[in-house]
$ cat start_29.cif   # mmCIF, C-alpha atoms
data_start
loop_
_atom_site.label_atom_id
_atom_site.label_comp_id
_atom_site.auth_asym_id
_atom_site.auth_seq_id
_atom_site.Cartn_x
_atom_site.Cartn_y
_atom_site.Cartn_z
CA MET A 66 70.95 140.17 35.40
CA SER A 67 68.05 138.83 33.40
CA MET A 68 65.19 136.49 34.14
CA LYS A 69 62.50 134.80 32.09
CA PHE A 70 58.96 134.17 33.19
CA ARG A 71 56.38 131.94 31.54
CA TYR A 72 52.86 133.27 31.05
CA TRP A 73 50.18 132.03 33.41
CA LYS A 74 47.10 130.30 32.03
CA LEU A 75 43.81 131.62 33.37
CA PRO A 76 40.15 130.75 32.71
CA SER A 77 38.42 132.35 29.73
CA TYR A 78 35.39 131.77 27.55
CA LYS A 79 37.73 129.80 25.25
CA THR A 80 38.68 127.57 28.21
CA THR A 81 42.01 129.25 28.89
CA ILE A 82 43.97 132.40 28.11
CA PRO A 83 47.74 132.83 28.51
CA MET A 84 48.60 136.07 30.27
CA PRO A 85 51.89 137.83 31.12
CA ILE A 86 51.58 137.60 34.89
CA ILE A 87 54.49 138.07 37.27
CA GLU A 88 54.26 137.85 41.04
CA VAL A 89 55.61 140.57 43.27
CA VAL A 90 56.45 139.83 46.90
CA LEU A 91 55.09 142.36 49.38
CA SER A 92 55.36 142.91 53.13
CA PRO A 93 53.78 145.58 55.33
CA PRO A 94 56.33 148.37 55.96
CA SER A 95 55.36 148.28 59.64
CA GLY A 96 56.06 144.54 59.80
CA GLY A 97 53.88 141.51 59.22
CA GLU A 98 53.34 138.60 56.94
CA THR A 99 54.91 138.44 53.49
CA PHE A 100 52.69 137.46 50.60
CA ARG A 101 52.74 137.25 46.81
CA TYR A 102 50.57 139.33 44.54
CA PRO A 103 50.24 138.30 40.89
CA CYS A 104 50.33 141.29 38.52
CA LEU A 105 49.71 141.75 34.82
CA VAL A 106 52.64 143.26 32.93
CA ASP A 107 50.99 146.09 31.01
CA SER A 108 52.94 148.69 29.05
CA GLY A 109 49.67 150.58 28.48
CA ALA A 110 49.49 151.49 32.13
CA GLU A 111 51.28 154.65 33.20
CA TYR A 112 51.73 153.46 36.79
CA CYS A 113 51.60 150.23 38.73
CA TYR A 114 48.05 149.90 40.04
CA PHE A 115 47.28 147.87 43.16
CA HIS A 116 44.01 147.29 45.04
CA ALA A 117 43.70 150.05 47.62
CA LYS A 118 41.51 148.35 50.22
CA GLY A 119 42.30 144.67 49.81
CA ILE A 120 46.04 144.99 49.35
CA GLY A 121 47.09 148.49 50.43
CA ARG A 122 44.95 149.01 53.53
CA ASP A 123 44.25 145.48 54.74
CA LEU A 124 47.55 143.73 53.98
CA LEU A 125 50.20 146.47 53.69
CA LYS A 126 48.54 148.48 56.48
CA LEU A 127 48.85 151.76 54.57
CA VAL A 128 46.63 154.75 55.21
CA ILE A 129 45.59 155.01 51.59
CA GLU A 130 44.30 158.60 51.70
CA ASP A 131 47.70 159.79 53.00
CA GLY A 132 49.14 159.21 49.53
CA GLU A 133 49.21 161.80 46.77
CA ALA A 134 45.78 161.79 45.14
CA MET A 135 45.59 161.40 41.37
CA ASP A 136 43.04 160.82 38.62
CA ILE A 137 43.35 157.78 36.39
CA LYS A 138 41.65 158.12 33.05
CA GLY A 139 40.28 155.11 31.19
CA ILE A 140 39.50 154.41 27.55
CA ALA A 141 35.85 155.40 27.99
CA GLY A 142 36.78 158.68 29.63
CA ILE A 143 35.83 157.40 33.03
CA SER A 144 38.01 158.73 35.79
CA LEU A 145 39.05 156.75 38.86
CA GLU A 146 40.81 158.08 41.91
CA GLY A 147 44.09 156.66 43.07
CA TYR A 148 46.70 157.41 45.71
CA LEU A 149 50.45 157.21 45.18
CA HIS A 150 52.57 155.51 47.81
CA LYS A 151 56.24 154.62 47.80
CA ILE A 152 56.59 150.94 48.69
CA HIS A 153 59.17 148.16 48.52
CA TYR A 154 58.53 145.11 46.41
CA LYS A 155 60.57 142.07 45.44
CA LEU A 156 60.43 140.33 42.12
CA GLY A 157 62.66 137.44 41.08
CA GLY A 158 66.02 138.31 42.65
CA TRP A 159 65.37 142.05 42.62
CA ASP A 160 64.26 144.41 45.34
CA PHE A 161 62.83 147.83 44.50
CA GLU A 162 61.40 150.94 46.02
CA ALA A 163 58.73 152.23 43.70
CA GLU A 164 55.78 154.56 43.58
CA VAL A 165 52.59 152.56 43.20
CA CYS A 166 49.08 153.88 42.70
CA PHE A 167 46.51 152.31 45.01
CA VAL A 168 43.06 152.39 43.43
CA PRO A 169 39.94 151.92 45.56
CA GLU A 170 37.77 150.92 42.60
CA LEU A 171 40.28 148.76 40.73
CA LYS A 172 38.25 146.03 39.05
CA ALA A 173 41.15 143.89 37.84
CA PRO A 174 41.46 140.53 39.59
CA PHE A 175 45.21 141.10 40.10
CA GLY A 176 47.65 144.01 40.24
CA ILE A 177 49.01 145.88 37.23
CA LEU A 178 52.71 146.51 36.57
CA GLY A 179 52.98 149.62 34.40
CA ARG A 180 55.63 151.99 33.10
CA ALA A 181 56.46 153.98 36.25
CA GLY A 182 57.64 151.63 38.96
CA PHE A 183 58.23 148.62 36.73
CA PHE A 184 59.22 149.36 33.11
CA ASP A 185 61.47 152.07 34.62
CA PHE A 186 63.60 149.29 36.08
CA PHE A 187 63.70 146.74 33.26
CA LYS A 188 64.11 146.17 29.58
CA VAL A 189 61.02 144.06 29.02
CA GLN A 190 60.80 141.66 26.11
CA PHE A 191 57.65 139.75 25.25
CA GLU A 192 57.95 136.57 23.23
CA HIS A 193 54.21 136.29 22.90
CA ARG A 194 54.20 133.22 20.65
CA LYS A 195 56.32 131.34 23.15
CA GLU A 196 54.41 132.89 26.06
CA ILE A 197 57.55 134.16 27.73
CA ILE A 198 58.50 137.54 29.22
CA GLU A 199 62.14 138.37 29.75
CA LEU A 200 63.26 141.08 32.18
CA LYS A 201 66.74 142.57 32.04
CA ASP A 202 67.74 145.12 34.62
CA TYR A 203 69.68 148.29 33.82
CA GLN A 204 72.54 147.30 36.13
CA GLY A 205 72.28 150.45 38.17
CA LYS A 206 72.23 152.79 35.16
CA LYS A 207 70.11 155.85 35.81
CA LYS A 208 67.22 156.86 33.58
CA GLN A 209 68.41 159.29 30.88
CA MET B 176 63.12 130.36 34.03
CA GLU B 177 60.21 130.97 36.38
CA LYS B 178 57.49 128.41 35.85
CA GLY B 179 54.16 129.40 34.38
CA HIS B 180 51.06 128.19 36.13
CA ASN B 181 47.80 126.87 34.81
CA LEU B 182 45.09 128.04 37.18
CA THR B 183 42.17 127.18 34.93
CA LYS B 184 40.94 124.23 36.99
CA ILE B 185 41.78 125.27 40.51
CA LEU B 186 40.08 128.67 40.23
CA SER B 187 36.86 127.30 38.77
CA SER B 188 35.21 126.42 42.11
CA TYR B 189 35.64 130.01 43.33
CA SER B 190 35.04 132.06 40.21
CA LYS B 191 31.24 132.17 40.31
CA GLU B 192 31.33 134.02 43.63
CA ARG B 193 34.41 135.99 42.50
CA LEU B 194 36.20 135.02 45.70
CA TRP B 195 39.76 135.94 46.51
CA VAL B 196 41.91 132.86 46.91
CA ALA B 197 45.31 132.20 48.41
CA LEU B 198 47.45 129.76 46.46
CA SER B 199 50.22 127.48 47.70
CA PRO B 200 53.75 128.39 46.53
CA ASP B 201 53.58 125.77 43.73
CA LYS B 202 50.13 127.14 42.71
CA LYS B 203 48.66 123.64 42.77
CA ARG B 204 46.37 124.13 45.78
CA VAL B 205 43.96 126.74 47.02
CA VAL B 206 44.94 127.19 50.66
CA GLY B 207 42.62 130.03 51.57
CA LYS B 208 39.52 131.80 50.28
CA GLY B 209 37.33 134.73 51.18
CA LYS B 210 35.56 137.85 50.05
CA THR B 211 38.75 139.89 50.54
CA PRO B 212 42.46 139.20 50.03
CA LYS B 213 42.90 139.38 53.82
CA GLU B 214 40.36 136.63 54.51
CA ALA B 215 42.09 134.38 51.98
CA LEU B 216 45.57 135.19 53.27
CA ASP B 217 44.63 134.72 56.93
CA MET B 218 43.24 131.26 56.16
CA ALA B 219 46.46 130.31 54.38
CA LEU B 220 48.67 131.65 57.17
CA LYS B 221 46.76 129.62 59.75
CA LYS B 222 47.84 126.58 57.74
CA LYS B 223 51.47 127.78 58.02
CA ILE B 224 51.76 128.34 54.27
CA LYS B 225 54.80 130.47 53.46
CA GLU B 226 54.28 133.45 51.14
CA PRO B 227 50.89 132.51 49.72
CA SER B 228 49.80 134.21 46.53
CA VAL B 229 46.51 136.14 46.51
CA ILE B 230 44.41 136.56 43.38
CA GLN B 231 40.71 137.04 42.66
CA ALA B 232 38.98 134.14 40.94
CA ILE B 233 36.70 135.27 38.10
CA PRO B 234 35.04 133.19 35.37
CA ASP B 235 36.72 134.90 32.42
CA TYR B 236 40.00 136.83 32.43
CA SER B 237 39.90 137.62 28.73
CA GLY B 238 38.63 140.68 26.91
CA ALA B 239 39.42 143.38 29.44
CA VAL B 240 41.77 146.32 29.33
CA TYR B 241 42.65 145.94 32.94
CA SER B 242 44.77 149.03 33.33
CA LEU B 243 41.81 151.21 32.49
CA GLY B 244 39.74 150.16 35.43
CA LEU B 245 37.12 148.46 33.30
#

$ encode --input "start_29.cif" --output "structure tokens"
Amino acid sequence: MSMKFRYWKLPSYKTTIPMPIIEVVLSPPSGGETFRYPCLVDSGAEYCYFHAKGIGRDLLKLVIEDGEAMDIKGIAGISLEGYLHKIHYKLGGWDFEAEVCFVPELKAPFGILGRAGFFDFFKVQFEHRKEIIELKDYQGKKKQ
Amino acid sequence: MEKGHNLTKILSSYSKERLWVALSPDKKRVVGKGKTPKEALDMALKKKIKEPSVIQAIPDYSGAVYSLGL
């Protein structure tokens, strides 16, 4: 199965910037309201990074500190703490269980879909000029 | 193909305060707002909006390497 997504247009100093944003659909594992969480598709990110307090604790009702603690290193050498949790998310017609890193000090205004937990599941093709992302799943094939 | 969305105008009223907003499924209306995703989502759910989308409104989304926590 494959699916194409158009970039979203967001405010910038040049009026607008097209960005490869895809929404994931999340629900608290313990039950509760389903919501959508726009995420940037970012091959430079090792993991998927979600907001720890706003999304993980308040909406998914996770105990963030119960996850496996990890350091996330940035371009300036600054280290942030994060906590890995296995969660379910839906995207297009797909449904996944993935390890996501919840970051208390995440400054991004949306989530991040990185290599583990997202690129693991899809062949991802950017047609940047046309502002389109195409996802193709591996049809159940395991990672080599 | 999933539609793209142009949020340039609808986020502008909320970006100065960097509020979290909940968007309607067609992304044409802000149906909730607050200082946290939960405040925005709760406001949307009170209006019986199904699966609202929560995002933070900021003035400028360009120029950042988001995955690096900057």

$ residues_near_point --input "start_29.cif" --point "(58.8, 150.4, 49.6)" --cutoff "8 Å" --atoms "only C-alpha atoms" --output "NGL selection string"
:A and (94 or 151-154 or 161-164)

$ resolve_selection --input "start_29.cif" --expression "the PyMOL selection byres ((chain A) within 7 of (chain B))" --output "ChimeraX atom specification"
/A:68-78,81-82,99-103,110,119-120,123-124,138-140,171-175,177

$ atom_distance --input "start_29.cif" --atom1 "CA of Ile129 in chain A" --atom2 "CA of Gly96 in chain A"
16.9 Å

$ atom_distance --input "start_29.cif" --atom1 "CA of Phe187 in chain A" --atom2 "CA of Lys203 in chain B"
29.2 Å

$ atom_distance --input "start_29.cif" --atom1 "CA of Met135 in chain A" --atom2 "CA of Ser92 in chain A"
24.0 Å
